[in-house]
file upload_2.txt (compact mmCIF, C-alpha atoms)
# COMPACT_ATOMS: atom_id res chain seq x y z
CA MET A 1 -51.85 -19.79 -66.97
CA ASP A 2 -48.34 -19.55 -65.56
CA PHE A 3 -48.14 -17.35 -62.49
CA THR A 4 -44.50 -18.12 -61.75
CA LEU A 5 -43.03 -14.97 -60.24
CA THR A 6 -40.41 -13.06 -62.17
CA GLU A 7 -37.06 -12.35 -60.55
CA PRO A 8 -38.06 -8.79 -59.46
CA GLU A 9 -41.32 -10.18 -58.04
CA ARG A 10 -39.44 -12.88 -56.13
CA ASP A 11 -36.99 -10.30 -54.77
CA LEU A 12 -39.91 -8.12 -53.62
CA LEU A 13 -41.58 -11.09 -51.96
CA ASP A 14 -38.40 -12.25 -50.23
CA LEU A 15 -37.70 -8.76 -48.90
CA GLY A 16 -41.18 -8.23 -47.48
CA ARG A 17 -41.68 -11.78 -46.21
CA GLY A 18 -38.36 -11.75 -44.40
CA TYR A 19 -39.26 -8.48 -42.67
CA ALA A 20 -42.71 -9.79 -41.76
CA GLU A 21 -41.37 -13.00 -40.23
CA ARG A 22 -38.64 -11.17 -38.29
CA GLU A 23 -40.27 -7.92 -37.21
CA ILE A 24 -44.03 -7.96 -37.73
CA ALA A 25 -44.44 -11.40 -36.17
CA ALA A 26 -42.76 -10.15 -32.99
CA VAL A 27 -44.89 -7.01 -32.64
CA ALA A 28 -48.32 -7.74 -34.14
CA PRO A 29 -49.81 -10.14 -31.55
CA ARG A 30 -49.10 -7.67 -28.73
CA ALA A 31 -50.42 -4.74 -30.78
CA TRP A 32 -53.60 -6.74 -31.47
CA ARG A 33 -54.11 -7.32 -27.74
CA GLU A 34 -53.39 -3.66 -27.00
CA GLU A 35 -55.70 -2.62 -29.86
CA ARG A 36 -53.18 -0.21 -31.38
CA CYS A 37 -51.79 0.23 -34.87
CA PRO A 38 -48.07 -0.68 -34.75
CA THR A 39 -46.85 2.15 -36.95
CA GLU A 40 -43.29 1.23 -36.07
CA VAL A 41 -43.49 -1.78 -38.40
CA LEU A 42 -45.19 0.27 -41.10
CA ARG A 43 -42.30 2.72 -40.88
CA GLY A 44 -39.99 -0.26 -41.18
CA LEU A 45 -41.74 -1.30 -44.38
CA GLY A 46 -41.32 2.27 -45.58
CA GLU A 47 -37.59 2.19 -44.87
CA LEU A 48 -37.40 -0.88 -47.10
CA GLY A 49 -39.17 1.05 -49.85
CA LEU A 50 -42.32 -1.06 -49.57
CA LEU A 51 -44.99 1.59 -48.90
CA GLY A 52 -45.26 2.55 -52.56
CA PRO A 53 -45.45 -0.87 -54.24
CA LEU A 54 -47.71 0.14 -57.11
CA VAL A 55 -46.48 3.73 -57.47
CA PRO A 56 -43.94 4.32 -60.30
CA GLU A 57 -40.37 5.19 -59.36
CA LYS A 58 -40.96 8.65 -60.81
CA TRP A 59 -43.16 9.44 -57.80
CA GLY A 60 -41.16 7.65 -55.12
CA GLY A 61 -42.50 4.11 -55.41
CA ILE A 62 -41.03 0.90 -56.77
CA GLY A 63 -43.44 0.29 -59.65
CA ALA A 64 -44.09 -3.36 -58.82
CA SER A 65 -46.45 -5.49 -60.91
CA THR A 66 -49.89 -6.24 -59.51
CA VAL A 67 -48.92 -9.91 -59.27
CA GLY A 68 -45.85 -8.99 -57.23
CA PHE A 69 -47.97 -6.76 -55.00
CA VAL A 70 -50.47 -9.58 -54.47
CA ALA A 71 -47.71 -12.05 -53.59
CA LEU A 72 -46.25 -9.70 -50.99
CA LEU A 73 -49.66 -8.86 -49.52
CA GLU A 74 -50.45 -12.56 -49.14
CA ALA A 75 -47.16 -13.07 -47.29
CA LEU A 76 -47.79 -10.12 -44.95
CA ALA A 77 -51.35 -11.26 -44.17
CA ALA A 78 -50.17 -14.79 -43.38
CA VAL A 79 -48.14 -13.25 -40.54
CA ASP A 80 -50.63 -10.58 -39.40
CA PRO A 81 -53.86 -9.56 -41.15
CA SER A 82 -54.15 -6.22 -39.28
CA VAL A 83 -50.81 -4.84 -40.42
CA ALA A 84 -51.43 -6.21 -43.90
CA ALA A 85 -54.83 -4.47 -43.95
CA ALA A 86 -53.24 -1.13 -43.05
CA TRP A 87 -50.56 -1.63 -45.70
CA GLN A 88 -52.99 -2.53 -48.48
CA ALA A 89 -55.42 0.30 -47.67
CA HIS A 90 -52.52 2.74 -47.87
CA ALA A 91 -51.14 1.22 -51.07
CA THR A 92 -54.47 1.11 -52.93
CA ILE A 93 -57.33 3.47 -52.05
CA GLY A 94 -55.03 5.64 -49.91
CA SER A 95 -52.68 6.32 -52.82
CA PHE A 96 -54.45 5.52 -56.08
CA PRO A 97 -56.71 8.58 -56.39
CA LEU A 98 -53.60 10.76 -56.23
CA LEU A 99 -51.65 8.51 -58.58
CA LEU A 100 -54.37 8.12 -61.20
CA PHE A 101 -56.06 11.51 -61.09
CA GLY A 102 -53.84 13.96 -59.23
CA SER A 103 -51.84 16.72 -60.88
CA ASP A 104 -48.06 16.48 -61.01
CA GLU A 105 -47.92 19.09 -58.24
CA GLN A 106 -50.23 16.97 -56.06
CA ARG A 107 -48.24 13.84 -56.78
CA GLU A 108 -45.01 15.55 -55.77
CA ARG A 109 -46.45 17.13 -52.63
CA PHE A 110 -48.77 14.38 -51.37
CA LEU A 111 -48.12 11.10 -53.20
CA ARG A 112 -44.34 11.06 -52.94
CA PRO A 113 -44.29 11.08 -49.10
CA LEU A 114 -46.82 8.22 -49.14
CA ALA A 115 -44.77 6.18 -51.59
CA GLU A 116 -41.47 6.87 -49.86
CA GLY A 117 -42.81 5.78 -46.48
CA ALA A 118 -42.91 9.15 -44.73
CA ALA A 119 -46.70 9.15 -44.33
CA LEU A 120 -49.75 6.89 -44.39
CA GLY A 121 -52.61 7.38 -46.83
CA ALA A 122 -56.37 7.18 -46.30
CA PHE A 123 -59.54 7.64 -48.33
CA GLY A 124 -62.81 8.90 -46.82
CA LEU A 125 -65.86 7.35 -48.48
CA THR A 126 -68.19 5.55 -46.06
CA GLU A 127 -70.64 7.54 -43.94
CA PRO A 128 -73.09 6.60 -41.16
CA GLU A 129 -75.95 6.56 -43.69
CA ALA A 130 -74.02 5.65 -46.84
CA GLY A 131 -71.97 2.51 -47.36
CA SER A 132 -72.84 0.38 -50.36
CA ASP A 133 -75.19 3.15 -51.56
CA VAL A 134 -72.45 5.61 -52.47
CA ARG A 135 -74.87 8.04 -54.11
CA SER A 136 -76.43 8.70 -50.69
CA LEU A 137 -73.30 10.45 -49.40
CA ARG A 138 -74.17 13.56 -47.42
CA THR A 139 -70.75 15.13 -46.90
CA ARG A 140 -70.98 18.26 -49.00
CA ALA A 141 -68.44 20.50 -50.68
CA THR A 142 -69.59 24.08 -51.26
CA ARG A 143 -67.84 26.34 -53.74
CA VAL A 144 -66.45 29.58 -52.32
CA SER A 145 -64.38 32.28 -53.99
CA ASP A 146 -61.00 30.85 -52.99
CA GLY A 147 -61.70 27.13 -52.87
CA TRP A 148 -64.20 24.77 -51.26
CA VAL A 149 -65.75 24.29 -47.82
CA LEU A 150 -66.47 20.74 -46.63
CA ASN A 151 -69.05 19.68 -44.06
CA GLY A 152 -70.00 16.15 -43.05
CA GLN A 153 -68.96 12.95 -41.32
CA LYS A 154 -67.13 9.85 -42.51
CA ALA A 155 -67.31 6.45 -40.80
CA PHE A 156 -64.95 3.46 -40.50
CA ILE A 157 -62.01 5.21 -42.18
CA SER A 158 -58.70 3.36 -41.91
CA ASN A 159 -55.25 4.97 -41.51
CA ALA A 160 -56.50 8.54 -40.99
CA GLY A 161 -55.76 8.84 -37.26
CA THR A 162 -52.28 7.38 -36.76
CA ASP A 163 -49.10 9.28 -35.97
CA MET A 164 -48.08 8.58 -39.60
CA SER A 165 -51.26 9.83 -41.24
CA PHE A 166 -50.96 12.76 -43.66
CA GLY A 167 -54.70 13.40 -43.61
CA VAL A 168 -57.34 11.95 -45.91
CA THR A 169 -58.69 12.22 -49.44
CA VAL A 170 -62.42 12.81 -49.04
CA LEU A 171 -65.26 12.10 -51.44
CA ALA A 172 -67.90 14.82 -51.11
CA ARG A 173 -71.15 15.76 -52.80
CA LEU A 174 -71.06 18.84 -55.02
CA GLY A 175 -74.70 19.02 -55.98
CA GLU A 176 -76.95 17.60 -58.69
CA ASP A 177 -77.13 17.94 -62.45
CA GLY A 178 -80.31 19.96 -62.55
CA PRO A 179 -83.56 19.36 -60.61
CA GLY A 180 -83.84 15.67 -59.83
CA GLY A 181 -80.59 14.97 -61.64
CA LYS A 182 -77.75 12.64 -60.71
CA PRO A 183 -75.55 13.76 -57.82
CA ARG A 184 -72.05 15.01 -58.60
CA PHE A 185 -69.02 14.26 -56.43
CA GLY A 186 -65.50 15.51 -56.04
CA SER A 187 -62.36 14.30 -54.27
CA PHE A 188 -60.58 16.66 -51.90
CA ILE A 189 -57.27 16.40 -50.04
CA VAL A 190 -57.75 17.33 -46.39
CA GLU A 191 -54.48 17.64 -44.52
CA ARG A 192 -54.02 16.64 -40.91
CA GLY A 193 -54.39 19.68 -38.68
CA ALA A 194 -56.72 21.55 -41.04
CA ASP A 195 -59.14 23.83 -39.16
CA GLY A 196 -62.43 22.02 -38.58
CA TYR A 197 -61.06 18.56 -39.37
CA THR A 198 -61.18 16.19 -36.38
CA TYR A 199 -61.58 12.47 -35.78
CA GLY A 200 -63.05 10.29 -33.08
CA PRO A 201 -61.38 7.60 -30.97
CA LYS A 202 -60.06 4.41 -32.54
CA LEU A 203 -63.01 2.13 -33.16
CA ARG A 204 -63.10 -1.31 -31.57
CA GLY A 205 -64.01 -4.09 -33.98
CA ILE A 206 -64.29 -7.85 -33.66
CA GLY A 207 -60.97 -8.15 -35.45
CA TRP A 208 -58.31 -6.09 -37.23
CA LYS A 209 -57.56 -4.62 -33.82
CA GLY A 210 -54.15 -3.51 -35.08
CA LEU A 211 -55.73 -1.40 -37.82
CA ASP A 212 -56.52 2.22 -36.95
CA THR A 213 -60.14 2.90 -37.97
CA ARG A 214 -62.05 6.02 -36.95
CA ASP A 215 -64.95 8.34 -37.69
CA LEU A 216 -63.93 11.64 -39.27
CA PHE A 217 -65.66 15.01 -38.80
CA LEU A 218 -65.53 17.96 -41.18
CA GLU A 219 -66.93 21.27 -39.97
CA ASP A 220 -66.42 24.17 -42.35
CA VAL A 221 -63.11 22.74 -43.53
CA TRP A 222 -61.63 24.99 -46.20
CA VAL A 223 -59.79 23.25 -49.05
CA PRO A 224 -57.97 25.28 -51.72
CA ASP A 225 -58.46 24.55 -55.40
CA SER A 226 -54.95 23.12 -55.48
CA GLN A 227 -56.18 20.22 -53.32
CA VAL A 228 -59.06 19.14 -55.55
CA VAL A 229 -58.15 15.78 -57.11
CA GLY A 230 -59.01 15.72 -60.80
CA GLU A 231 -61.97 17.54 -62.23
CA PRO A 232 -64.73 18.54 -59.80
CA GLY A 233 -67.60 16.18 -60.50
CA GLY A 234 -65.42 13.20 -61.36
CA GLY A 235 -64.84 11.99 -57.83
CA LEU A 236 -67.13 8.96 -57.88
CA GLY A 237 -65.57 7.55 -61.01
CA GLN A 238 -62.13 8.11 -59.52
CA PHE A 239 -63.01 6.15 -56.41
CA LEU A 240 -64.62 3.30 -58.33
CA SER A 241 -61.47 2.97 -60.44
CA ALA A 242 -59.33 2.73 -57.30
CA LEU A 243 -61.77 0.29 -55.73
CA GLU A 244 -61.27 -2.27 -58.51
CA VAL A 245 -57.61 -2.59 -57.47
CA GLY A 246 -58.73 -2.59 -53.85
CA ARG A 247 -60.85 -5.66 -54.51
CA ILE A 248 -57.85 -7.56 -55.79
CA SER A 249 -55.91 -6.51 -52.70
CA VAL A 250 -58.67 -7.68 -50.33
CA ALA A 251 -58.72 -10.99 -52.18
CA ALA A 252 -54.97 -11.33 -51.59
CA LEU A 253 -55.45 -10.27 -47.98
CA SER A 254 -58.07 -13.01 -47.66
CA VAL A 255 -55.78 -15.65 -49.15
CA GLY A 256 -53.01 -14.66 -46.76
CA THR A 257 -55.33 -14.68 -43.75
CA ALA A 258 -56.52 -18.16 -44.67
CA LEU A 259 -52.95 -19.33 -45.26
CA GLY A 260 -51.81 -18.08 -41.86
CA ALA A 261 -54.66 -19.95 -40.18
CA LEU A 262 -53.92 -23.11 -42.14
CA ARG A 263 -50.27 -23.05 -41.09
CA LEU A 264 -51.23 -22.67 -37.43
CA ALA A 265 -53.80 -25.48 -37.66
CA GLN A 266 -51.45 -27.80 -39.52
CA ASP A 267 -48.64 -27.25 -37.03
CA TYR A 268 -51.01 -27.81 -34.10
CA ALA A 269 -52.48 -30.96 -35.61
CA LEU A 270 -49.02 -32.43 -36.16
CA ARG A 271 -47.96 -31.69 -32.59
CA ARG A 272 -51.21 -32.45 -30.76
CA ARG A 273 -51.46 -36.09 -29.71
CA GLN A 274 -54.77 -37.84 -29.12
CA PHE A 275 -55.26 -41.56 -28.47
CA GLY A 276 -51.51 -42.05 -28.86
CA ALA A 277 -51.16 -40.43 -32.29
CA ALA A 278 -50.86 -36.99 -33.85
CA SER A 279 -54.34 -35.59 -34.44
CA ALA A 280 -53.39 -34.87 -38.07
CA SER A 281 -53.27 -38.63 -38.67
CA PHE A 282 -57.03 -38.95 -38.11
CA GLN A 283 -59.21 -38.53 -41.20
CA ALA A 284 -61.50 -36.06 -39.41
CA ILE A 285 -58.57 -33.66 -39.10
CA GLY A 286 -56.57 -34.61 -42.18
CA PHE A 287 -59.56 -34.14 -44.46
CA LYS A 288 -60.27 -30.73 -42.94
CA LEU A 289 -56.71 -29.66 -43.68
CA ALA A 290 -57.00 -31.02 -47.22
CA ASP A 291 -60.20 -29.04 -47.86
CA MET A 292 -58.67 -25.90 -46.39
CA ALA A 293 -55.56 -26.15 -48.57
CA THR A 294 -57.63 -26.85 -51.70
CA GLU A 295 -59.90 -23.85 -51.15
CA ILE A 296 -56.92 -21.57 -50.54
CA GLU A 297 -55.29 -22.69 -53.78
CA ALA A 298 -58.50 -22.08 -55.75
CA ALA A 299 -58.85 -18.58 -54.28
CA ARG A 300 -55.17 -17.87 -54.91
CA TRP A 301 -55.44 -18.72 -58.62
CA LEU A 302 -58.48 -16.52 -59.10
CA THR A 303 -56.73 -13.66 -57.28
CA TYR A 304 -53.52 -13.95 -59.28
CA TYR A 305 -55.53 -14.19 -62.50
CA ALA A 306 -57.28 -10.90 -61.74
CA ALA A 307 -53.91 -9.34 -60.93
CA SER A 308 -52.38 -10.63 -64.17
CA LEU A 309 -55.25 -9.17 -66.19
CA ARG A 310 -54.53 -5.75 -64.72
CA ASP A 311 -50.82 -6.11 -65.45
CA SER A 312 -51.55 -6.97 -69.08
CA GLY A 313 -53.87 -3.99 -69.49
CA ARG A 314 -57.00 -6.09 -69.96
CA PRO A 315 -60.37 -5.51 -68.25
CA PHE A 316 -60.46 -7.05 -64.79
CA LYS A 317 -63.53 -5.60 -63.07
CA LYS A 318 -65.49 -8.88 -63.08
CA GLU A 319 -62.51 -11.02 -62.13
CA ALA A 320 -61.56 -8.68 -59.28
CA ALA A 321 -65.06 -8.96 -57.87
CA MET A 322 -65.00 -12.74 -58.28
CA ALA A 323 -61.63 -12.98 -56.55
CA LYS A 324 -62.79 -10.83 -53.64
CA LEU A 325 -66.02 -12.81 -53.29
CA LYS A 326 -64.36 -16.23 -53.42
CA ALA A 327 -61.28 -15.44 -51.34
CA SER A 328 -63.15 -13.71 -48.52
CA ARG A 329 -65.50 -16.70 -48.24
CA VAL A 330 -62.48 -19.00 -48.15
CA ALA A 331 -60.91 -16.92 -45.38
CA THR A 332 -63.96 -17.22 -43.12
CA PHE A 333 -64.26 -20.95 -43.88
CA VAL A 334 -60.59 -21.76 -43.31
CA THR A 335 -60.23 -19.72 -40.12
CA SER A 336 -63.36 -21.34 -38.70
CA GLU A 337 -62.04 -24.80 -39.49
CA ALA A 338 -58.69 -23.87 -37.95
CA VAL A 339 -60.38 -22.94 -34.69
CA GLN A 340 -62.27 -26.26 -34.83
CA ILE A 341 -58.99 -28.14 -35.18
CA PHE A 342 -57.60 -26.33 -32.14
CA GLY A 343 -60.76 -27.13 -30.20
CA GLY A 344 -61.26 -25.29 -26.93
CA ALA A 345 -57.75 -23.86 -27.09
CA GLY A 346 -58.61 -22.12 -30.35
CA TYR A 347 -61.63 -20.43 -28.82
CA MET A 348 -59.47 -18.58 -26.30
CA LEU A 349 -58.40 -15.10 -27.37
CA GLU A 350 -54.86 -15.89 -26.21
CA SER A 351 -54.60 -18.46 -28.99
CA PRO A 352 -52.90 -17.17 -32.16
CA VAL A 353 -55.55 -18.80 -34.34
CA ALA A 354 -58.28 -16.77 -32.63
CA ARG A 355 -56.70 -13.60 -34.00
CA PHE A 356 -57.01 -14.89 -37.57
CA TYR A 357 -60.59 -16.04 -36.96
CA CYS A 358 -61.62 -12.62 -35.66
CA ASP A 359 -59.80 -10.82 -38.46
CA ALA A 360 -61.45 -12.84 -41.24
CA LYS A 361 -65.09 -11.74 -41.05
CA VAL A 362 -64.53 -8.15 -42.14
CA LEU A 363 -63.08 -9.41 -45.43
CA GLU A 364 -66.65 -10.18 -46.54
CA ILE A 365 -67.62 -6.57 -45.75
CA GLY A 366 -64.77 -4.20 -46.64
CA GLU A 367 -64.00 -2.80 -50.12
CA GLY A 368 -67.58 -3.50 -51.13
CA THR A 369 -69.65 -6.14 -49.36
CA ASN A 370 -69.95 -9.57 -50.91
CA GLU A 371 -73.51 -8.68 -51.81
CA ILE A 372 -72.13 -5.82 -53.90
CA GLN A 373 -69.64 -8.22 -55.51
CA HIS A 374 -72.59 -10.39 -56.58
CA LEU A 375 -74.18 -7.30 -58.12
CA VAL A 376 -70.99 -6.34 -59.97
CA ILE A 377 -70.50 -9.84 -61.34
CA ALA A 378 -74.16 -10.17 -62.38
CA ARG A 379 -74.03 -6.85 -64.25
CA GLU A 380 -70.81 -7.88 -65.99
CA LEU A 381 -72.63 -11.04 -67.09
CA GLY A 382 -75.36 -8.91 -68.61
CA CYS A 383 -77.99 -9.65 -65.96

call {"tool": "encode", "arguments": {"input": "upload_2.txt", "output": "structure tokens"}}
result
Amino acid sequence: MDFTLTEPERDLLDLGRGYAEREIAAVAPRAWREERCPTEVLRGLGELGLLGPLVPEKWGGIGASTVGFVALLEALAAVDPSVAAAWQAHATIGSFPLLLFGSDEQRERFLRPLAEGAALGAFGLTEPEAGSDVRSLRTRATRVSDGWVLNGQKAFISNAGTDMSFGVTVLARLGEDGPGGKPRFGSFIVERGADGYTYGPKLRGIGWKGLDTRDLFLEDVWVPDSQVVGEPGGGLGQFLSALEVGRISVAALSVGTALGALRLAQDYALRRRQFGAASASFQAIGFKLADMATEIEAARWLTYYAASLRDSGRPFKKEAAMAKLKASRVATFVTSEAVQIFGGAGYMLESPVARFYCDAKVLEIGEGTNEIQHLVIARELGC
């Protein structure tokens, strides 16, 4: 397979990477320490036209290929995983339900501002009692004469509480198909400021401290019919379709996180002198760096392969799950080894490598846990 980037893909990568190395690198470490989402750099990405990478030009995006999107995401994550996580959540699950299943009116009203960089997108799935078990969602949408009324709580929702957030697209339970039947779900656009829609304080995680993640609360929130995404009852399928792209994006995010840690470790090992020589010259360190680089390259190829399958219109569900599984494992391995190379200095939170180490673990959890990826892959294999 030849994953050489096309000229438009290279131009996209150069534009985003240059901005990341100039602007994001200067802001992100401080934002991580302050535990705030640096929306100023997300706005900057929007001004460059980079908040709608996978949205067609017709709706305000740039219509990039999935491979080009993956290349840019990797470059952003190598500079700062938190900002990259906010960007990818917006570009995939925050935008895709509207792109794939919204009406033209919804795309014009809600998707275009997301793609043009005027607002940040979010999707509300996870709940306190429902994560991997999506069918256990309790947030309920009740039909009324002039629309729907939503009640429930969402947990760990990214991008919904920033000063750029437009609101959130919520997955809610409609009822069941007859007594003891399968639950039915719908997707609903809840705008910021809607009566009864509130959110809690920014949650404090081990890592991704620059990503805004909150619990959301819906108490008798009225949503008009014009803000139902797709057909009522089709919400779960809509989300699962968006999630397949999200898995590719988390794989790319993982590759970038690992790459950023490798660069820090390699630079440190070349500068750090022990016993009169650079520590990189000792096999104990050199072999670690070699293993780290090899694992990153393997994860990168699997990720780009999944992206290329999507671009060519071929099935990619299994490969996306494989890429997410492999790359997230590589990210936790590489960042751990990077801290080991730094030694005691790497254990200190002031060290730049500590940020990558803390940010890596959630990659094995978000967009479907790695246990769920095993399940997806096994089912695709006919098990």

call {"tool": "closest_atom_pairs", "arguments": {"input": "upload_2.txt", "of": "segment 161-192 of chain A", "to": "segment 91-109 of chain A", "cutoff": "9 Å", "atoms": "all atoms listed in the file", "output": "CSV"}}
result
residue,atom,partner,partner_atom,distance
A:Val168,CA,A:Gly94,CA,7.8
A:Thr169,CA,A:Gly94,CA,7.5
A:Ser187,CA,A:Pro97,CA,8.3

call {"tool": "residues_around", "arguments": {"input": "upload_2.txt", "residues": "Lys202 of chain A", "least_positions_apart": "4", "cutoff": "10 Å", "atoms": "all atoms listed in the file", "output": "PyMOL selection string"}}
result
chain A and resi 35-37+156-158+161-162+209+211-215

call {"tool": "atom_distance", "arguments": {"input": "upload_2.txt", "atom1": "atom CA of Leu264 of chain A", "atom2": "atom CA of Ala338 of chain A"}}
result
7.6 Å

call {"tool": "atom_distance", "arguments": {"input": "upload_2.txt", "atom1": "atom CA of Gly117 of chain A", "atom2": "atom CA of Glu47 of chain A"}}
result
6.5 Å

call {"tool": "residues_around", "arguments": {"input": "upload_2.txt", "residues": "segment 26-34 of chain A", "least_positions_apart": "3", "cutoff": "10 Å", "atoms": "only C-alpha atoms", "output": "PyMOL selection string"}}
result
chain A and resi 20-23+37-41+79-83+207-211+349-352+355

call {"tool": "closest_residue", "arguments": {"input": "upload_2.txt", "among": "A:Thr257, A:Ala85, A:Glu337, A:Thr6", "to": "Gly286 of chain A", "atoms": "all atoms listed in the file"}}
result
A:Glu337

call {"tool": "closest_residue", "arguments": {"input": "upload_2.txt", "among": "A:Leu236, A:Met348, A:Ala269, A:Leu325", "to": "Val250 of chain A", "atoms": "only C-alpha atoms"}}
result
A:Leu325

call {"tool": "decode", "arguments": {"input": "upload_2.txt", "residues": "segment 238-278 of chain A", "atoms": "C-alpha atoms", "output": "PDB file, in the first residue's frame"}}
result
ATOM      1  CA  GLN A 238     -26.625   7.127  13.407  1.00  0.00           C
ATOM      2  CA  PHE A 239     -24.262   7.255  16.355  1.00  0.00           C
ATOM      3  CA  LEU A 240     -22.655   3.915  15.567  1.00  0.00           C
ATOM      4  CA  SER A 241     -21.968   5.108  12.020  1.00  0.00           C
ATOM      5  CA  ALA A 242     -20.264   8.234  13.346  1.00  0.00           C
ATOM      6  CA  LEU A 243     -18.349   6.200  15.905  1.00  0.00           C
ATOM      7  CA  GLU A 244     -16.599   4.145  13.216  1.00  0.00           C
ATOM      8  CA  VAL A 245     -14.923   7.331  11.954  1.00  0.00           C
ATOM      9  CA  GLY A 246     -14.292   8.324  15.555  1.00  0.00           C
ATOM     10  CA  ARG A 247     -12.294   5.139  16.079  1.00  0.00           C
ATOM     11  CA  ILE A 248      -9.992   6.018  13.211  1.00  0.00           C
ATOM     12  CA  SER A 249      -9.545   9.482  14.677  1.00  0.00           C
ATOM     13  CA  VAL A 250      -8.668   8.117  18.143  1.00  0.00           C
ATOM     14  CA  ALA A 251      -6.149   5.813  16.486  1.00  0.00           C
ATOM     15  CA  ALA A 252      -4.551   8.841  14.806  1.00  0.00           C
ATOM     16  CA  LEU A 253      -4.696  10.734  18.083  1.00  0.00           C
ATOM     17  CA  SER A 254      -2.898   7.803  19.710  1.00  0.00           C
ATOM     18  CA  VAL A 255      -0.187   7.732  17.038  1.00  0.00           C
ATOM     19  CA  GLY A 256       0.384  11.458  17.456  1.00  0.00           C
ATOM     20  CA  THR A 257       0.509  11.218  21.250  1.00  0.00           C
ATOM     21  CA  ALA A 258       3.087   8.447  20.998  1.00  0.00           C
ATOM     22  CA  LEU A 259       5.071  10.399  18.408  1.00  0.00           C
ATOM     23  CA  GLY A 260       5.187  13.494  20.604  1.00  0.00           C
ATOM     24  CA  ALA A 261       6.487  11.431  23.524  1.00  0.00           C
ATOM     25  CA  LEU A 262       9.081   9.732  21.327  1.00  0.00           C
ATOM     26  CA  ARG A 263      10.400  13.071  20.096  1.00  0.00           C
ATOM     27  CA  LEU A 264      10.754  14.355  23.655  1.00  0.00           C
ATOM     28  CA  ALA A 265      12.483  11.158  24.806  1.00  0.00           C
ATOM     29  CA  GLN A 266      14.819  11.070  21.820  1.00  0.00           C
ATOM     30  CA  ASP A 267      15.825  14.700  22.273  1.00  0.00           C
ATOM     31  CA  TYR A 268      16.410  14.166  26.000  1.00  0.00           C
ATOM     32  CA  ALA A 269      18.448  11.012  25.440  1.00  0.00           C
ATOM     33  CA  LEU A 270      20.687  12.780  22.933  1.00  0.00           C
ATOM     34  CA  ARG A 271      21.288  15.703  25.288  1.00  0.00           C
ATOM     35  CA  ARG A 272      21.495  13.852  28.609  1.00  0.00           C
ATOM     36  CA  ARG A 273      25.030  12.737  29.418  1.00  0.00           C
ATOM     37  CA  GLN A 274      25.792   9.820  31.712  1.00  0.00           C
ATOM     38  CA  PHE A 275      29.225   8.284  32.334  1.00  0.00           C
ATOM     39  CA  GLY A 276      30.701  10.745  29.847  1.00  0.00           C
ATOM     40  CA  ALA A 277      28.400   9.909  26.917  1.00  0.00           C
ATOM     41  CA  ALA A 278      24.927  10.724  25.648  1.00  0.00           C
TER      42      ALA A 278
END
